[in-house]
>>> print(open('coords-v2.cif').read())   # mmCIF, C-alpha atoms; chains and numbers go by the auth columns
data_run
#
loop_
_atom_site.group_PDB
_atom_site.id
_atom_site.type_symbol
_atom_site.label_atom_id
_atom_site.label_comp_id
_atom_site.label_asym_id
_atom_site.label_seq_id
_atom_site.Cartn_x
_atom_site.Cartn_y
_atom_site.Cartn_z
_atom_site.B_iso_or_equiv
_atom_site.auth_seq_id
_atom_site.auth_asym_id
ATOM 1 C CA MET A 1 95.582 88.578 105.023 0.00 11 O
ATOM 2 C CA PHE A 2 99.202 87.439 105.074 0.00 12 O
ATOM 3 C CA LEU A 3 100.600 90.852 105.971 0.00 13 O
ATOM 4 C CA PRO A 4 100.094 90.468 109.750 0.00 14 O
ATOM 5 C CA VAL A 5 102.247 87.315 109.643 0.00 15 O
ATOM 6 C CA LEU A 6 104.854 89.135 107.569 0.00 16 O
ATOM 7 C CA GLY A 7 104.643 92.021 110.022 0.00 17 O
ATOM 8 C CA LEU A 8 105.390 89.637 112.888 0.00 18 O
ATOM 9 C CA PHE A 9 108.381 88.280 111.040 0.00 19 O
ATOM 10 C CA LEU A 10 109.711 91.802 110.523 0.00 20 O
ATOM 11 C CA ILE A 11 109.032 92.710 114.161 0.00 21 O
ATOM 12 C CA PHE A 12 110.993 89.720 115.386 0.00 22 O
ATOM 13 C CA SER A 13 113.888 90.547 113.096 0.00 23 O
ATOM 14 C CA THR A 14 114.186 94.329 113.598 0.00 24 O
ATOM 15 C CA GLY A 15 116.212 94.311 116.766 0.00 25 O
ATOM 16 C CA GLY A 16 115.159 95.388 120.218 0.00 26 O
ATOM 17 C CA HIS A 17 114.134 93.409 123.271 0.00 27 O
ATOM 18 C CA HIS A 18 111.218 91.607 121.556 0.00 28 O
ATOM 19 C CA VAL A 19 113.687 89.559 119.494 0.00 29 O
ATOM 20 C CA TYR A 20 114.513 87.678 122.693 0.00 30 O
ATOM 21 C CA THR A 21 111.006 86.259 122.959 0.00 31 O
ATOM 22 C CA PRO A 22 111.416 82.513 123.591 0.00 32 O
ATOM 23 C CA LEU A 23 110.933 80.316 120.539 0.00 33 O
ATOM 24 C CA PRO A 24 107.905 78.428 121.952 0.00 34 O
ATOM 25 C CA ILE A 25 106.127 81.760 122.551 0.00 35 O
ATOM 26 C CA ARG A 26 107.059 82.945 119.042 0.00 36 O
ATOM 27 C CA LYS A 27 105.565 79.765 117.601 0.00 37 O
ATOM 28 C CA ILE A 28 102.329 80.338 119.506 0.00 38 O
ATOM 29 C CA ILE A 29 102.220 83.930 118.264 0.00 39 O
ATOM 30 C CA TYR A 30 102.884 82.955 114.646 0.00 40 O
ATOM 31 C CA ILE A 31 100.341 80.119 114.686 0.00 41 O
ATOM 32 C CA THR A 32 97.669 82.226 116.389 0.00 42 O
ATOM 33 C CA VAL A 33 98.106 85.126 113.982 0.00 43 O
ATOM 34 C CA PHE A 34 98.271 82.862 110.929 0.00 44 O
ATOM 35 C CA VAL A 35 95.132 80.954 111.912 0.00 45 O
ATOM 36 C CA THR A 36 93.116 84.045 112.871 0.00 46 O
ATOM 37 C CA SER A 37 94.249 86.281 110.001 0.00 47 O
ATOM 38 C CA CYS A 38 94.452 83.736 107.166 0.00 48 O
ATOM 39 C CA ILE A 39 92.933 80.315 107.799 0.00 49 O
ATOM 40 C CA LEU A 40 89.715 81.288 109.597 0.00 50 O
ATOM 41 C CA PRO A 41 88.756 84.243 107.360 0.00 51 O
ATOM 42 C CA LEU A 42 89.438 82.198 104.205 0.00 52 O
ATOM 43 C CA SER A 43 87.445 79.262 105.548 0.00 53 O
ATOM 44 C CA VAL A 44 84.344 81.463 105.750 0.00 54 O
ATOM 45 C CA VAL A 45 84.469 82.561 102.097 0.00 55 O
ATOM 46 C CA PRO A 46 82.600 79.465 100.779 0.00 56 O
ATOM 47 C CA LEU A 47 79.828 80.148 103.288 0.00 57 O
ATOM 48 C CA LEU A 48 79.618 83.752 102.075 0.00 58 O
ATOM 49 C CA PHE A 49 79.247 82.430 98.506 0.00 59 O
ATOM 50 C CA LEU A 50 76.413 80.146 99.590 0.00 60 O
ATOM 51 C CA MET A 51 74.700 83.009 101.408 0.00 61 O
ATOM 52 C CA LYS A 52 75.127 85.180 98.267 0.00 62 O
ATOM 53 C CA LYS A 53 77.055 87.815 100.243 0.00 63 O
ATOM 54 C CA VAL A 54 79.918 87.708 97.721 0.00 64 O
ATOM 55 C CA ASN A 55 79.864 86.955 93.992 0.00 65 O
ATOM 56 C CA SER A 56 83.566 86.330 93.436 0.00 66 O
ATOM 57 C CA VAL A 57 86.773 85.970 95.405 0.00 67 O
ATOM 58 C CA TYR A 58 87.790 89.410 94.124 0.00 68 O
ATOM 59 C CA MET A 59 84.945 91.150 95.985 0.00 69 O
ATOM 60 C CA ARG A 60 84.983 94.045 93.581 0.00 70 O
ATOM 61 C CA THR A 61 82.062 95.991 94.994 0.00 71 O
ATOM 62 C CA ARG A 62 81.870 97.849 98.259 0.00 72 O
ATOM 63 C CA GLN A 63 78.912 95.771 99.395 0.00 73 O
ATOM 64 C CA GLU A 64 80.735 92.476 98.829 0.00 74 O
ATOM 65 C CA ARG A 65 83.569 93.566 101.130 0.00 75 O
ATOM 66 C CA ILE A 66 81.477 94.353 104.201 0.00 76 O
ATOM 67 C CA TRP A 67 80.896 90.826 105.538 0.00 77 O
ATOM 68 C CA PRO A 68 84.416 89.534 104.828 0.00 78 O
ATOM 69 C CA MET A 69 85.943 92.566 106.549 0.00 79 O
ATOM 70 C CA PHE A 70 83.670 92.239 109.554 0.00 80 O
ATOM 71 C CA ILE A 71 84.465 88.536 109.883 0.00 81 O
ATOM 72 C CA THR A 72 88.188 89.181 109.460 0.00 82 O
ATOM 73 C CA GLY A 73 88.069 91.841 112.173 0.00 83 O
ATOM 74 C CA PHE A 74 86.224 89.432 114.471 0.00 84 O
ATOM 75 C CA PHE A 75 88.861 86.736 113.949 0.00 85 O
ATOM 76 C CA PHE A 76 91.664 89.268 114.508 0.00 86 O
ATOM 77 C CA MET A 77 90.018 90.215 117.813 0.00 87 O
ATOM 78 C CA THR A 78 89.831 86.536 118.752 0.00 88 O
ATOM 79 C CA GLY A 79 93.549 86.133 118.072 0.00 89 O
ATOM 80 C CA TYR A 80 94.309 89.261 120.085 0.00 90 O
ATOM 81 C CA TYR A 81 92.273 87.899 122.993 0.00 91 O
ATOM 82 C CA PHE A 82 94.242 84.644 122.989 0.00 92 O
ATOM 83 C CA LEU A 83 97.594 86.398 122.797 0.00 93 O
ATOM 84 C CA TYR A 84 96.635 88.993 125.408 0.00 94 O
ATOM 85 C CA ASN A 85 96.055 86.185 127.900 0.00 95 O
ATOM 86 C CA ILE A 86 99.569 84.807 127.395 0.00 96 O
ATOM 87 C CA THR A 87 101.736 86.856 129.717 0.00 97 O
ATOM 88 C CA ALA A 88 104.950 86.237 127.756 0.00 98 O
ATOM 89 C CA VAL A 89 103.729 87.981 124.582 0.00 99 O
ATOM 90 C CA PRO A 90 105.603 91.298 124.198 0.00 100 O
ATOM 91 C CA ASP A 91 103.522 94.458 124.416 0.00 101 O
ATOM 92 C CA LEU A 92 104.840 95.535 121.044 0.00 102 O
ATOM 93 C CA ILE A 93 103.250 92.490 119.399 0.00 103 O
ATOM 94 C CA LEU A 94 99.952 93.210 121.126 0.00 104 O
ATOM 95 C CA LYS A 95 100.130 96.846 119.985 0.00 105 O
ATOM 96 C CA PHE A 96 100.760 95.742 116.404 0.00 106 O
ATOM 97 C CA ILE A 97 97.818 93.341 116.426 0.00 107 O
ATOM 98 C CA LEU A 98 95.523 95.868 118.092 0.00 108 O
ATOM 99 C CA ALA A 99 96.533 98.489 115.521 0.00 109 O
ATOM 100 C CA THR A 100 95.694 95.965 112.802 0.00 110 O
ATOM 101 C CA ILE A 101 92.256 95.406 114.339 0.00 111 O
ATOM 102 C CA ILE A 102 91.609 99.147 114.518 0.00 112 O
ATOM 103 C CA THR A 103 92.680 99.489 110.893 0.00 113 O
ATOM 104 C CA VAL A 104 90.365 96.672 109.771 0.00 114 O
ATOM 105 C CA PHE A 105 87.362 98.196 111.512 0.00 115 O
ATOM 106 C CA LEU A 106 88.140 101.732 110.279 0.00 116 O
ATOM 107 C CA SER A 107 88.433 100.294 106.760 0.00 117 O
ATOM 108 C CA LEU A 108 85.094 98.564 107.257 0.00 118 O
ATOM 109 C CA LEU A 109 83.507 101.817 108.398 0.00 119 O
ATOM 110 C CA ILE A 110 84.878 103.641 105.359 0.00 120 O
ATOM 111 C CA THR A 111 83.775 100.785 103.084 0.00 121 O
ATOM 112 C CA LEU A 112 80.173 101.359 104.145 0.00 122 O
ATOM 113 C CA PHE A 113 80.357 104.638 102.191 0.00 123 O
ATOM 114 C CA TRP A 114 83.338 104.415 99.838 0.00 124 O
ATOM 115 C CA LYS A 115 85.566 101.746 98.286 0.00 125 O
ATOM 116 C CA ILE A 116 88.994 102.162 99.895 0.00 126 O
ATOM 117 C CA SER A 117 91.917 100.010 98.748 0.00 127 O
ATOM 118 C CA ILE A 118 92.298 97.257 101.328 0.00 128 O
ATOM 119 C CA HIS A 119 95.510 96.091 99.629 0.00 129 O
ATOM 120 C CA LEU A 120 97.078 99.477 100.272 0.00 130 O
ATOM 121 C CA VAL A 121 95.678 99.640 103.801 0.00 131 O
ATOM 122 C CA GLY A 122 97.689 96.480 104.495 0.00 132 O
ATOM 123 C CA MET A 123 100.840 97.752 102.818 0.00 133 O
ATOM 124 C CA GLY A 124 100.549 101.098 104.588 0.00 134 O
ATOM 125 C CA GLY A 125 100.146 99.326 107.913 0.00 135 O
ATOM 126 C CA LEU A 126 103.151 97.104 107.291 0.00 136 O
ATOM 127 C CA THR A 127 105.261 100.086 106.251 0.00 137 O
ATOM 128 C CA GLY A 128 104.115 102.079 109.273 0.00 138 O
ATOM 129 C CA ALA A 129 104.912 99.209 111.629 0.00 139 O
ATOM 130 C CA VAL A 130 108.433 98.751 110.252 0.00 140 O
ATOM 131 C CA LEU A 131 109.150 102.489 110.384 0.00 141 O
ATOM 132 C CA ALA A 132 107.875 102.730 113.972 0.00 142 O
ATOM 133 C CA LEU A 133 109.914 99.695 114.974 0.00 143 O
ATOM 134 C CA SER A 134 113.046 101.149 113.441 0.00 144 O
ATOM 135 C CA TYR A 135 112.616 104.213 115.670 0.00 145 O
ATOM 136 C CA ILE A 136 111.745 102.176 118.769 0.00 146 O
ATOM 137 C CA ALA A 137 114.612 99.712 118.338 0.00 147 O
ATOM 138 C CA GLY A 138 117.025 102.390 117.217 0.00 148 O
ATOM 139 C CA ALA A 139 117.811 100.255 114.185 0.00 149 O
ATOM 140 C CA ASP A 140 118.476 101.586 110.714 0.00 150 O
ATOM 141 C CA ARG A 141 115.740 100.013 108.588 0.00 151 O
ATOM 142 C CA HIS A 142 115.567 102.756 105.985 0.00 152 O
ATOM 143 C CA ILE A 143 116.363 100.367 103.141 0.00 153 O
ATOM 144 C CA LEU A 144 113.567 98.031 104.204 0.00 154 O
ATOM 145 C CA VAL A 145 111.161 100.956 104.613 0.00 155 O
ATOM 146 C CA SER A 146 112.184 102.255 101.179 0.00 156 O
ATOM 147 C CA VAL A 147 111.548 98.833 99.640 0.00 157 O
ATOM 148 C CA LEU A 148 108.127 98.700 101.302 0.00 158 O
ATOM 149 C CA PHE A 149 107.275 102.173 99.943 0.00 159 O
ATOM 150 C CA ILE A 150 108.319 101.068 96.458 0.00 160 O
ATOM 151 C CA LEU A 151 106.299 97.841 96.713 0.00 161 O
ATOM 152 C CA ALA A 152 103.293 99.808 97.951 0.00 162 O
ATOM 153 C CA GLY A 153 103.679 102.197 95.015 0.00 163 O
ATOM 154 C CA LEU A 154 103.853 99.319 92.547 0.00 164 O
ATOM 155 C CA LEU A 155 100.816 97.690 94.152 0.00 165 O
ATOM 156 C CA GLY A 156 98.933 100.979 93.978 0.00 166 O
ATOM 157 C CA VAL A 157 99.802 101.434 90.310 0.00 167 O
ATOM 158 C CA ALA A 158 98.668 97.858 89.617 0.00 168 O
ATOM 159 C CA ARG A 159 95.332 98.404 91.401 0.00 169 O
ATOM 160 C CA VAL A 160 94.691 101.570 89.370 0.00 170 O
ATOM 161 C CA TYR A 161 95.913 99.965 86.122 0.00 171 O
ATOM 162 C CA LEU A 162 93.566 97.003 86.646 0.00 172 O
ATOM 163 C CA GLN A 163 90.782 99.550 87.218 0.00 173 O
ATOM 164 C CA GLU A 164 90.024 98.085 90.640 0.00 174 O
ATOM 165 C CA HIS A 165 90.497 101.482 92.298 0.00 175 O
ATOM 166 C CA LYS A 166 90.851 105.153 91.577 0.00 176 O
ATOM 167 C CA PRO A 167 94.068 106.891 92.701 0.00 177 O
ATOM 168 C CA ALA A 168 92.314 108.555 95.661 0.00 178 O
ATOM 169 C CA GLN A 169 91.207 105.145 96.975 0.00 179 O
ATOM 170 C CA VAL A 170 94.773 103.865 96.759 0.00 180 O
ATOM 171 C CA TYR A 171 96.260 106.928 98.486 0.00 181 O
ATOM 172 C CA ALA A 172 93.591 106.869 101.190 0.00 182 O
ATOM 173 C CA GLY A 173 94.175 103.168 101.825 0.00 183 O
ATOM 174 C CA PHE A 174 97.915 103.569 102.249 0.00 184 O
ATOM 175 C CA ALA A 175 97.512 106.689 104.399 0.00 185 O
ATOM 176 C CA LEU A 176 94.972 105.008 106.685 0.00 186 O
ATOM 177 C CA GLY A 177 97.054 101.876 107.228 0.00 187 O
ATOM 178 C CA PHE A 178 100.284 103.805 107.692 0.00 188 O
ATOM 179 C CA ALA A 179 98.864 106.453 110.043 0.00 189 O
ATOM 180 C CA VAL A 180 96.998 104.067 112.343 0.00 190 O
ATOM 181 C CA VAL A 181 99.679 101.398 112.681 0.00 191 O
ATOM 182 C CA PHE A 182 102.622 103.808 112.867 0.00 192 O
ATOM 183 C CA THR A 183 100.916 105.970 115.484 0.00 193 O
ATOM 184 C CA TYR A 184 99.666 103.102 117.603 0.00 194 O
ATOM 185 C CA VAL A 185 102.922 101.116 117.554 0.00 195 O
ATOM 186 C CA MET A 186 105.054 104.195 118.062 0.00 196 O
ATOM 187 C CA PHE A 187 103.082 105.655 120.968 0.00 197 O
#
>>> encode(input="coords-v2.cif", output="structure tokens")
Amino acid sequence: MFLPVLGLFLIFSTGGHHVYTPLPIRKIIYITVFVTSCILPLSVVPLLFLMKKVNSVYMRTRQERIWPMFITGFFFMTGYYFLYNITAVPDLILKFILATIITVFLSLLITLFWKISIHLVGMGGLTGAVLALSYIAGADRHILVSVLFILAGLLGVARVYLQEHKPAQVYAGFALGFAVVFTYVMF
């Protein structure tokens, strides 16, 4: 849930013309993304407990993840709508957010049949975004990309070690996030 905000931070610090976005517009972007990707989805969790849609904050089963993912995707779309209507928001930011929305809904679709690692979907998306931005901006971000790959690997090992996922679910999650975000941001 915090990875879109981190992604924005990395976008604004990778170089390229989007780093010249005026500070007031950046603040609006950060606040909108933080509220729609963190605050609003988390605020719905108590309601999901009351409705017996989730049993714990860990949402360990496939079925428990469906409503939270749908709601998160809805809030992401709301944030995208707000930012799309602000003419000063760079297209690259809109592409990143739209790629995130696509990734959330593809993850939801997969979750209807199989438990994919949402943690690794997020890390794959973040890694894909940074790699695409390094190509677009012509900046050497290979160290940052390498660190993100290592962190994703450690997160994947932790998810398997904690028996929350099987290796295939971890690999699929990273591949989905990386492929969708990299492709959409790059092209």
>>> residues_around(input="coords-v2.cif", residues="Ala109 in chain O", least_positions_apart="6", cutoff="9 Å", atoms="all atoms listed in the file", output="number ranges by chain")
O: 135, 187, 190-195
>>> resolve_selection(input="coords-v2.cif", expression="the PyMOL selection byres ((chain O and resi 111) around 10)", output="list in words")
Thr82, Gly83, Phe84, Phe85, Phe86, Met87, Tyr90, Lys105, Phe106, Ile107, Leu108, Ala109, Thr110, Ile112, Thr113, Val114, Phe115, Leu116, Ser117 and Val191 of chain O
>>> closest_residue(input="coords-v2.cif", among="O:Leu102, O:Val170, O:Leu93, O:Leu118", to="Gln73 in chain O", atoms="only C-alpha atoms")
O:Leu118
>>> closest_residue(input="coords-v2.cif", among="O:Ala182, O:Leu16, O:Ile81, O:Ile21", to="Pro100 in chain O", atoms="only C-alpha atoms")
O:Ile21
>>> residues_around(input="coords-v2.cif", residues="range 151-155 of chain O", least_positions_apart="3", cutoff="12 Å", atoms="all atoms listed in the file", output="list in words")
Leu20, Ile21, Ser23, Thr24, Gly25, Met133, Gly134, Gly135, Leu136, Thr137, Gly138, Ala139, Val140, Leu141, Ala142, Leu143, Ser144, Tyr145, Ile146, Ala147, Gly148, Leu158, Phe159, Ile160, Leu161, Ala162 and Phe188 of chain O
>>> axis_aligned_box(input="coords-v2.cif", around="range 22-35 of chain O", padding_each_side="4 Å", output="AutoDock Vina command-line options")
--center_x 111.2 --center_y 86.9 --center_z 118.3 --size_x 18.1 --size_y 25.0 --size_z 18.5
>>> atom_distance(input="coords-v2.cif", atom1="CA of Thr121 in chain O", atom2="CA of Ile76 in chain O")
6.9 Å
>>> atom_distance(input="coords-v2.cif", atom1="CA of Tyr181 in chain O", atom2="CA of Phe80 in chain O")
22.3 Å
>>> build_atoms(input="coords-v2.cif", residues="range 60-91 of chain O", atoms="N, CA and C atoms", output="PDB file, keeping the file's coordinate frame")
ATOM      1  N   LEU O  60      77.705  80.820  99.453  1.00  0.00           N
ATOM      2  CA  LEU O  60      76.413  80.146  99.590  1.00  0.00           C
ATOM      3  C   LEU O  60      75.312  81.103 100.044  1.00  0.00           C
ATOM      4  N   MET O  61      75.668  82.036 100.907  1.00  0.00           N
ATOM      5  CA  MET O  61      74.700  83.009 101.408  1.00  0.00           C
ATOM      6  C   MET O  61      74.490  84.165 100.425  1.00  0.00           C
ATOM      7  N   LYS O  62      75.203  84.137  99.298  1.00  0.00           N
ATOM      8  CA  LYS O  62      75.127  85.180  98.267  1.00  0.00           C
ATOM      9  C   LYS O  62      75.558  86.562  98.782  1.00  0.00           C
ATOM     10  N   LYS O  63      76.500  86.556  99.736  1.00  0.00           N
ATOM     11  CA  LYS O  63      77.055  87.815 100.243  1.00  0.00           C
ATOM     12  C   LYS O  63      78.203  88.299  99.364  1.00  0.00           C
ATOM     13  N   VAL O  64      78.863  87.361  98.672  1.00  0.00           N
ATOM     14  CA  VAL O  64      79.918  87.708  97.721  1.00  0.00           C
ATOM     15  C   VAL O  64      79.664  86.948  96.422  1.00  0.00           C
ATOM     16  N   ASN O  65      80.057  87.567  95.307  1.00  0.00           N
ATOM     17  CA  ASN O  65      79.864  86.955  93.992  1.00  0.00           C
ATOM     18  C   ASN O  65      81.141  86.353  93.425  1.00  0.00           C
ATOM     19  N   SER O  66      82.288  86.849  93.905  1.00  0.00           N
ATOM     20  CA  SER O  66      83.566  86.330  93.436  1.00  0.00           C
ATOM     21  C   SER O  66      84.599  86.516  94.534  1.00  0.00           C
ATOM     22  N   VAL O  67      85.716  85.831  94.404  1.00  0.00           N
ATOM     23  CA  VAL O  67      86.773  85.970  95.405  1.00  0.00           C
ATOM     24  C   VAL O  67      87.424  87.354  95.341  1.00  0.00           C
ATOM     25  N   TYR O  68      87.191  88.084  94.271  1.00  0.00           N
ATOM     26  CA  TYR O  68      87.790  89.410  94.124  1.00  0.00           C
ATOM     27  C   TYR O  68      87.037  90.472  94.902  1.00  0.00           C
ATOM     28  N   MET O  69      85.768  90.222  95.204  1.00  0.00           N
ATOM     29  CA  MET O  69      84.945  91.150  95.985  1.00  0.00           C
ATOM     30  C   MET O  69      85.118  92.578  95.481  1.00  0.00           C
ATOM     31  N   ARG O  70      84.723  92.772  94.266  1.00  0.00           N
ATOM     32  CA  ARG O  70      84.983  94.045  93.581  1.00  0.00           C
ATOM     33  C   ARG O  70      84.103  95.199  94.043  1.00  0.00           C
ATOM     34  N   THR O  71      82.937  94.898  94.576  1.00  0.00           N
ATOM     35  CA  THR O  71      82.062  95.991  94.994  1.00  0.00           C
ATOM     36  C   THR O  71      82.211  96.254  96.489  1.00  0.00           C
ATOM     37  N   ARG O  72      81.837  97.453  96.854  1.00  0.00           N
ATOM     38  CA  ARG O  72      81.870  97.849  98.259  1.00  0.00           C
ATOM     39  C   ARG O  72      81.037  96.902  99.117  1.00  0.00           C
ATOM     40  N   GLN O  73      79.849  96.598  98.627  1.00  0.00           N
ATOM     41  CA  GLN O  73      78.912  95.771  99.395  1.00  0.00           C
ATOM     42  C   GLN O  73      79.457  94.368  99.648  1.00  0.00           C
ATOM     43  N   GLU O  74      80.180  93.825  98.675  1.00  0.00           N
ATOM     44  CA  GLU O  74      80.735  92.476  98.829  1.00  0.00           C
ATOM     45  C   GLU O  74      81.840  92.422  99.883  1.00  0.00           C
ATOM     46  N   ARG O  75      82.447  93.532 100.208  1.00  0.00           N
ATOM     47  CA  ARG O  75      83.569  93.566 101.130  1.00  0.00           C
ATOM     48  C   ARG O  75      83.143  93.668 102.592  1.00  0.00           C
ATOM     49  N   ILE O  76      81.915  94.060 102.832  1.00  0.00           N
ATOM     50  CA  ILE O  76      81.477  94.353 104.201  1.00  0.00           C
ATOM     51  C   ILE O  76      81.538  93.121 105.096  1.00  0.00           C
ATOM     52  N   TRP O  77      80.886  92.031 104.700  1.00  0.00           N
ATOM     53  CA  TRP O  77      80.896  90.826 105.538  1.00  0.00           C
ATOM     54  C   TRP O  77      82.290  90.238 105.704  1.00  0.00           C
ATOM     55  N   PRO O  78      83.063  90.075 104.634  1.00  0.00           N
ATOM     56  CA  PRO O  78      84.416  89.534 104.828  1.00  0.00           C
ATOM     57  C   PRO O  78      85.282  90.388 105.760  1.00  0.00           C
ATOM     58  N   MET O  79      85.145  91.704 105.674  1.00  0.00           N
ATOM     59  CA  MET O  79      85.943  92.566 106.549  1.00  0.00           C
ATOM     60  C   MET O  79      85.488  92.459 107.997  1.00  0.00           C
ATOM     61  N   PHE O  80      84.184  92.389 108.198  1.00  0.00           N
ATOM     62  CA  PHE O  80      83.670  92.239 109.554  1.00  0.00           C
ATOM     63  C   PHE O  80      84.147  90.922 110.169  1.00  0.00           C
ATOM     64  N   ILE O  81      84.039  89.860 109.407  1.00  0.00           N
ATOM     65  CA  ILE O  81      84.465  88.536 109.883  1.00  0.00           C
ATOM     66  C   ILE O  81      85.966  88.509 110.150  1.00  0.00           C
ATOM     67  N   THR O  82      86.739  89.111 109.265  1.00  0.00           N
ATOM     68  CA  THR O  82      88.188  89.181 109.460  1.00  0.00           C
ATOM     69  C   THR O  82      88.515  89.954 110.741  1.00  0.00           C
ATOM     70  N   GLY O  83      87.856  91.071 110.950  1.00  0.00           N
ATOM     71  CA  GLY O  83      88.069  91.841 112.173  1.00  0.00           C
ATOM     72  C   GLY O  83      87.718  91.039 113.419  1.00  0.00           C
ATOM     73  N   PHE O  84      86.624  90.276 113.347  1.00  0.00           N
ATOM     74  CA  PHE O  84      86.224  89.432 114.471  1.00  0.00           C
ATOM     75  C   PHE O  84      87.302  88.392 114.776  1.00  0.00           C
ATOM     76  N   PHE O  85      87.821  87.739 113.737  1.00  0.00           N
ATOM     77  CA  PHE O  85      88.861  86.736 113.949  1.00  0.00           C
ATOM     78  C   PHE O  85      90.151  87.366 114.466  1.00  0.00           C
ATOM     79  N   PHE O  86      90.492  88.563 113.986  1.00  0.00           N
ATOM     80  CA  PHE O  86      91.664  89.268 114.508  1.00  0.00           C
ATOM     81  C   PHE O  86      91.486  89.535 116.006  1.00  0.00           C
ATOM     82  N   MET O  87      90.286  89.958 116.395  1.00  0.00           N
ATOM     83  CA  MET O  87      90.018  90.215 117.813  1.00  0.00           C
ATOM     84  C   MET O  87      90.150  88.935 118.633  1.00  0.00           C
ATOM     85  N   THR O  88      89.701  87.829 118.075  1.00  0.00           N
ATOM     86  CA  THR O  88      89.831  86.536 118.752  1.00  0.00           C
ATOM     87  C   THR O  88      91.301  86.196 118.974  1.00  0.00           C
ATOM     88  N   GLY O  89      92.114  86.381 117.942  1.00  0.00           N
ATOM     89  CA  GLY O  89      93.549  86.133 118.072  1.00  0.00           C
ATOM     90  C   GLY O  89      94.188  87.040 119.106  1.00  0.00           C
ATOM     91  N   TYR O  90      93.787  88.312 119.100  1.00  0.00           N
ATOM     92  CA  TYR O  90      94.309  89.261 120.085  1.00  0.00           C
ATOM     93  C   TYR O  90      93.956  88.807 121.494  1.00  0.00           C
ATOM     94  N   TYR O  91      92.723  88.363 121.676  1.00  0.00           N
ATOM     95  CA  TYR O  91      92.273  87.899 122.993  1.00  0.00           C
ATOM     96  C   TYR O  91      93.146  86.739 123.485  1.00  0.00           C
TER      97      TYR O  91
END
